[in-house]
Amino acid sequence: MDIPKIIQDLRDELNQHNHNYYVLDKPTISDFEFDQKLKQLQELENQHPEYFDENSPTQRVGGTITKNFQTVVHDYRMYSLDNSYSTEDLIDWETRIQKVLGNVPLQYTCELKYDGASISITYENGKLKRAVTRGDGFQGDDVTNNIKTIKSIPLKLKGSYPDRFDIRGEIILPFEGFEKMNQELIEIGETPYSNPRNTASGSLKLQDSSEVAKRPLECLLYFIVGNNLNIKTQFEGLEAARNWGFKVPKEARLANSLEEVFEYINYWDEHRHNLPYETDGVVIKVNSFQHQDELGYTAKSPRWAMAYKFKAEQVSTKLNSISYQVGRTGSITPVANLEPVQLAGTIVKRASLHNADQIEKLDIRIGDTVFVEKGGEIIPKIIGVDLTKRNQSSEATLYISHCPECHSELVRTEGEANHYCPNFYGCPPQIIGRIQHYISRKAMDIEGLGGETVALLYNNGLVKDYADLYELTVEQILPLDRMAQKSAENLVNGVQKSKEVPFERVLYAIGIRYVGETVAKKLAKHYKTIDALQNASLLDLILVDEIGEKIAQSVIEFFENEENVRIIERLKQFGVQMELIEKHNPNATDKLAGKTFVVSGVFEKFSRDDLKKAIEDNGGKVGSSISAKTDFVVAGDNMGPAKLEKANQLKVPIISEDDFLAMIS
């Protein structure tokens with residue numbers, strides 16, 4: 001008896017039945033027959049462990065326990081999408097695209113925007129290697145064991161496919177399965193889940209994969225990314241993924257104009273309620289990968305894609321009271337406390353009121369019946385008042401004059417919408433907020449320390465600023481609520497490990513107003529050390545590429561404050577990285593110093609990113625658009641006509657990649 005062949009034949013057959021049932025929705029055998037074959041395979045694998053395969057259909061039942069999900073850096077960043085809410089927004093978007101591409105004929109791929117949890121799955125040689133949540137776009141959590149339990153995700157691909165690639169999709173919970181789960185909870189007297197999206201997202205982080213296997217999750221795939229894909233368009237990519245065995249929504253359509261895009265939007269705005277899953281809009285993508293490459297990305301989003309959000313659901317409810325929150329910068333945010341109401345699948349009890357101007361503009365009063373919307377935002381907002389239901393004795397809302405936490409008199413700078421508490425170093429929410437920002441994932445990413453623990457440390461007098469974190473001991477932490485020996489040790493170790501975090505992230509972490517991740521990287525690269533930045537003049541800062549007067553003034557004010565300087569000095573003493581450690585490239589030169597290059601087209605010897613890195617490694621600067629300051633355009637095949645025209649108009653030399661290689665050789 002050829003046991004290896006019997007086992008492999010059973011695996012192939014069961015994989016095909018899984019595909020027929022969960023992807024094609026066309027089962028060819030009964031559930032009983034499937035279970036019998038699966039049982040036969042399990043028995044053979046138990047008898048012959050030497051033929052174990054982690055991608056066998058028997059492994060989908062789960063059983064792996066994951067205590068801590070490992071953080072993994074994405075091979076390719078997962079960007080978020082820009083949102084639009086009208087046809088005018090989409091027309092403006094196309095105009096911006098055509099300015100870059102030069103009025104070329106465009107096709108668009110239209111896809112429904114499913115409301116679930118984003119996932120990136122890596123396949124290598126046709127086998128599922130790992131699955132990572134979106135996280136912050138740069139890195140996410142490895143949830144491979146849980147993802148393998150979802151039967152619409154192939155463990156092994158069919159046909160011909162690239163050696164390695166990532167495929168992005170949305171983990172969703174169909175309405176039918178969600179309702180069944182809730183019915184089972186109700187029957188045993190448990191609280192039902194609030195909505196399918198949150199339940200799907202929470203499922204990915206369950207520690208026991210066998211519990212995930214019990215949930216009727218599905219994965220809808222929509223984008224392939226990688227090298228040497230041999231795919232030229234988004235629509236072709238969807239077809240290829242479908243042939244490899246992925247569940248790709250059939251609702252996707254190819255549009256030859258914006259008019260056809262609008263037809264697609266209008267159709268699904270009306271028919272979306274007939275779908276088996278939640279959808280909140282349409283994603284429109286420029287179809288050609290070459291055009292996508294030419295358009296590139298902003299700091300947060302691809303320029304070649306846009307999400308059109310369907311009109312938000314709206315409800316009315318009573319405004320019971322208004323409370324005021326203090327942010328880490330001292331900004332005051334008014335919050336409406338509402339009579340609980342169901343909105344877009346969740347129970348809403350609070351909504352943002354933004355600022356004093358918004359309250360005055362809408363004349364919002366306590367006791368009013370207000371209209372609440374959840375359009376494109378996570379936090380619901382009040383968009384109007386039902387004046388027909390207003391009590392005649394109601395009084396206009398008076399915005400608070402003093403901080404609700406420290407009672408300092410609020411200030412409002414001319415030209416700014418928000419009021420601020422000026423007690424920067426004495427107002428508890430501001431102090432706690434700054435420390436919470438310091439430890440956050442994009443900043444120091446201190447393992448074992450969360451926002452609630454920061455508040456606990458502050459309220460118990462253990463920290464007054466983020467430098468105090470480095471003096472914490474296990475003995476100090478142990479008496480706090482919910483703190484055991486191991487968690488206290490993890491916290492202290494996590495703080496000490498943060499000393500390895502590179503300077504650009506430290507610069508973001510210390511919380512200089514207006515200095516986000518991108519600006520922090522530019523300042524770190526330019527000044528190299530915290531001392532050089534601290535000693536920079538306003539004019540020096542303004543002359544740094546893409547640093548405006550507002551940011552420059554904020555940096556100056558930060559270092560003029562003696563308390564900030566004292567904290568920075570303490571961080572230095574504790575060993576936090578306060579200078580840029582640049583990786584030495586043995587082939588780097590300064591041959592291109594003072595020269596600015598723009599890269600356009602498709603290249604044979606370089607990828608676009610490698611070409612840009614070669615420019616920077618040799619002292620040059622990479623520009624995003626052609627201007628009078630551009631010294632050279634490095635052009636590959638299919639250079640954008642708009643860039644070609646601009647280069648000729650400004651008489652900027654256009655060179656090939658071979659010319660570029662000659663310059664640096």
# chains A, B, ... in the order shown; residues from 1 in each chain; ligands from 1
>>> residues_around(residues="segment 609-618 of chain A", least_positions_apart="3", cutoff="8 Å", atoms="only C-alpha atoms", output="VMD selection string")
chain A and resid 585 587 to 593 597 599 606 621 to 622 664
>>> select_by_dssp(residues="segment 288-533 of chain A", states="strand (DSSP E or B)", output="ChimeraX atom specification")
/A:288,297,302,305-309,314-326,331-343,346-352,369-373,381-385,402,409,411,420,529
>>> atom_distance(atom1="atom CA of Ala635 of chain A", atom2="atom CA of Ile655 of chain A")
6.1 Å
>>> closest_residue(among="A:Leu295, A:Leu157, A:Val132, A:Ala536", to="Gly640 of chain A", atoms="only C-alpha atoms")
A:Leu295
>>> residues_around(residues="Tyr308 of chain A", least_positions_apart="6", cutoff="10 Å", atoms="only C-alpha atoms", output="PyMOL selection string")
chain A and resi 81-87+89-90+112-113+265+280-284+376
>>> residues_around(residues="Thr233 of chain A", least_positions_apart="5", cutoff="6 Å", atoms="only C-alpha atoms", output="PyMOL selection string")
chain A and resi 287-289
>>> residues_around(residues="Tyr466 of chain A", least_positions_apart="5", cutoff="10 Å", atoms="only C-alpha atoms", output="list in words")
Ile431, Ile432, Arg434, Ile435, Gln436, His437, Tyr438, Ile439, Val454, Ala509, Ile510, Ile567, Ile568, Arg570 and Leu571 of chain A
>>> write_last_selection(atoms="N, CA and C atoms", output="CSV table (one decimal), in the first residue's frame")
chain,number,residue,atom,x,y,z
A,431,ILE,N,-0.1,65.4,31.0
A,431,ILE,CA,1.1,64.7,31.4
A,431,ILE,C,1.0,63.2,31.1
A,432,ILE,N,-0.2,62.6,31.4
A,432,ILE,CA,-0.4,61.2,31.1
A,432,ILE,C,-0.4,61.0,29.6
A,434,ARG,N,1.1,62.7,27.3
A,434,ARG,CA,2.5,62.8,26.7
A,434,ARG,C,3.3,61.5,26.9
A,435,ILE,N,3.1,61.0,28.1
A,435,ILE,CA,3.8,59.7,28.4
A,435,ILE,C,3.2,58.6,27.5
A,436,GLN,N,1.9,58.6,27.4
A,436,GLN,CA,1.2,57.6,26.5
A,436,GLN,C,1.7,57.7,25.1
A,437,HIS,N,1.9,58.9,24.6
A,437,HIS,CA,2.4,59.1,23.3
A,437,HIS,C,3.8,58.6,23.2
A,438,TYR,N,4.6,58.8,24.2
A,438,TYR,CA,6.0,58.4,24.2
A,438,TYR,C,6.2,56.9,24.1
A,439,ILE,N,5.3,56.2,24.8
A,439,ILE,CA,5.4,54.7,24.8
A,439,ILE,C,4.7,54.0,23.6
A,454,VAL,N,0.1,53.5,32.3
A,454,VAL,CA,0.7,54.8,32.5
A,454,VAL,C,-0.1,55.7,33.5
A,509,ALA,N,8.8,60.7,19.5
A,509,ALA,CA,8.2,60.3,20.8
A,509,ALA,C,8.2,61.4,21.8
A,510,ILE,N,9.2,62.4,21.8
A,510,ILE,CA,9.2,63.4,22.8
A,510,ILE,C,8.1,64.4,22.7
A,567,ILE,N,14.3,67.3,30.9
A,567,ILE,CA,13.9,65.9,30.6
A,567,ILE,C,14.8,65.3,29.5
A,568,ILE,N,15.2,66.1,28.5
A,568,ILE,CA,16.0,65.6,27.4
A,568,ILE,C,17.4,65.2,28.0
A,570,ARG,N,18.0,64.2,31.0
A,570,ARG,CA,17.9,62.9,31.7
A,570,ARG,C,17.8,61.7,30.8
A,571,LEU,N,17.1,61.9,29.7
A,571,LEU,CA,17.0,60.8,28.7
A,571,LEU,C,18.4,60.4,28.2
>>> residues_around(residues="Asp9 of chain A", least_positions_apart="2", cutoff="12 Å", atoms="only C-alpha atoms", output="list in words")
Asp2, Ile3, Pro4, Lys5, Ile6, Ile7, Arg11, Asp12, Glu13, Leu14, Asn15, Gln16, Lys37, Leu38, Gln40, Leu41, Ser56 and Pro57 of chain A
>>> select_by_dssp(residues="segment 307-472 of chain A", states="alpha helix (DSSP H)", output="ChimeraX atom specification")
/A:356-362,428-439,451-459
>>> decode(residues="segment 445-475 of chain A", atoms="N, CA and C atoms", output="CSV table (one decimal), in the first residue's frame")
chain,number,residue,atom,x,y,z
A,445,ASP,N,7.5,52.3,21.5
A,445,ASP,CA,7.0,50.9,21.4
A,445,ASP,C,7.4,50.1,22.6
A,446,ILE,N,7.1,50.6,23.8
A,446,ILE,CA,7.6,49.9,25.0
A,446,ILE,C,6.7,48.7,25.3
A,447,GLU,N,7.2,47.5,25.2
A,447,GLU,CA,6.5,46.3,25.5
A,447,GLU,C,6.1,46.2,27.0
A,448,GLY,N,4.9,45.8,27.3
A,448,GLY,CA,4.5,45.6,28.7
A,448,GLY,C,4.0,46.8,29.3
A,449,LEU,N,3.9,47.9,28.6
A,449,LEU,CA,3.4,49.2,29.1
A,449,LEU,C,2.3,49.7,28.2
A,450,GLY,N,1.1,49.8,28.8
A,450,GLY,CA,-0.1,50.4,28.0
A,450,GLY,C,-0.6,51.7,28.6
A,451,GLY,N,-1.6,52.3,27.9
A,451,GLY,CA,-2.1,53.5,28.3
A,451,GLY,C,-2.7,53.5,29.7
A,452,GLU,N,-3.4,52.5,30.1
A,452,GLU,CA,-4.0,52.4,31.4
A,452,GLU,C,-2.9,52.3,32.5
A,453,THR,N,-1.9,51.6,32.2
A,453,THR,CA,-0.8,51.4,33.2
A,453,THR,C,0.0,52.7,33.4
A,454,VAL,N,0.1,53.5,32.3
A,454,VAL,CA,0.7,54.8,32.5
A,454,VAL,C,-0.1,55.7,33.5
A,455,ALA,N,-1.4,55.7,33.3
A,455,ALA,CA,-2.3,56.5,34.2
A,455,ALA,C,-2.1,55.9,35.6
A,456,LEU,N,-2.0,54.6,35.8
A,456,LEU,CA,-1.8,54.0,37.1
A,456,LEU,C,-0.5,54.5,37.7
A,457,LEU,N,0.6,54.5,36.9
A,457,LEU,CA,1.9,54.9,37.4
A,457,LEU,C,1.8,56.4,37.9
A,458,TYR,N,1.2,57.2,37.0
A,458,TYR,CA,1.1,58.6,37.4
A,458,TYR,C,0.3,58.9,38.6
A,459,ASN,N,-0.9,58.3,38.7
A,459,ASN,CA,-1.8,58.5,39.8
A,459,ASN,C,-1.2,58.0,41.1
A,460,ASN,N,-0.2,57.1,41.0
A,460,ASN,CA,0.4,56.6,42.3
A,460,ASN,C,1.7,57.3,42.5
A,461,GLY,N,2.0,58.3,41.8
A,461,GLY,CA,3.2,59.2,42.1
A,461,GLY,C,4.5,58.6,41.6
A,462,LEU,N,4.5,57.6,40.7
A,462,LEU,CA,5.7,56.9,40.3
A,462,LEU,C,6.4,57.6,39.1
A,463,VAL,N,5.6,58.3,38.3
A,463,VAL,CA,6.1,59.0,37.1
A,463,VAL,C,5.5,60.4,37.0
A,464,LYS,N,6.3,61.4,36.7
A,464,LYS,CA,5.7,62.7,36.4
A,464,LYS,C,6.0,63.2,35.0
A,465,ASP,N,6.9,62.5,34.3
A,465,ASP,CA,7.2,62.7,32.9
A,465,ASP,C,7.8,61.4,32.3
A,466,TYR,N,8.1,61.4,31.0
A,466,TYR,CA,8.5,60.1,30.4
A,466,TYR,C,9.9,59.7,30.8
A,467,ALA,N,10.7,60.6,31.3
A,467,ALA,CA,12.1,60.3,31.7
A,467,ALA,C,12.0,59.4,33.0
A,468,ASP,N,11.0,59.7,33.8
A,468,ASP,CA,10.8,58.9,35.1
A,468,ASP,C,10.7,57.4,34.8
A,469,LEU,N,10.2,57.0,33.6
A,469,LEU,CA,10.0,55.6,33.3
A,469,LEU,C,11.3,54.8,33.5
A,470,TYR,N,12.5,55.5,33.2
A,470,TYR,CA,13.7,54.7,33.2
A,470,TYR,C,14.3,54.5,34.6
A,471,GLU,N,13.6,55.0,35.7
A,471,GLU,CA,14.0,54.8,37.0
A,471,GLU,C,13.1,53.8,37.8
A,472,LEU,N,12.1,53.3,37.1
A,472,LEU,CA,11.1,52.4,37.7
A,472,LEU,C,11.8,51.1,38.1
A,473,THR,N,11.4,50.5,39.2
A,473,THR,CA,11.9,49.2,39.6
A,473,THR,C,10.7,48.3,39.8
A,474,VAL,N,11.0,47.0,39.8
A,474,VAL,CA,10.0,46.0,39.9
A,474,VAL,C,9.3,46.1,41.3
A,475,GLU,N,10.1,46.5,42.3
A,475,GLU,CA,9.5,46.6,43.7
A,475,GLU,C,8.5,47.8,43.8
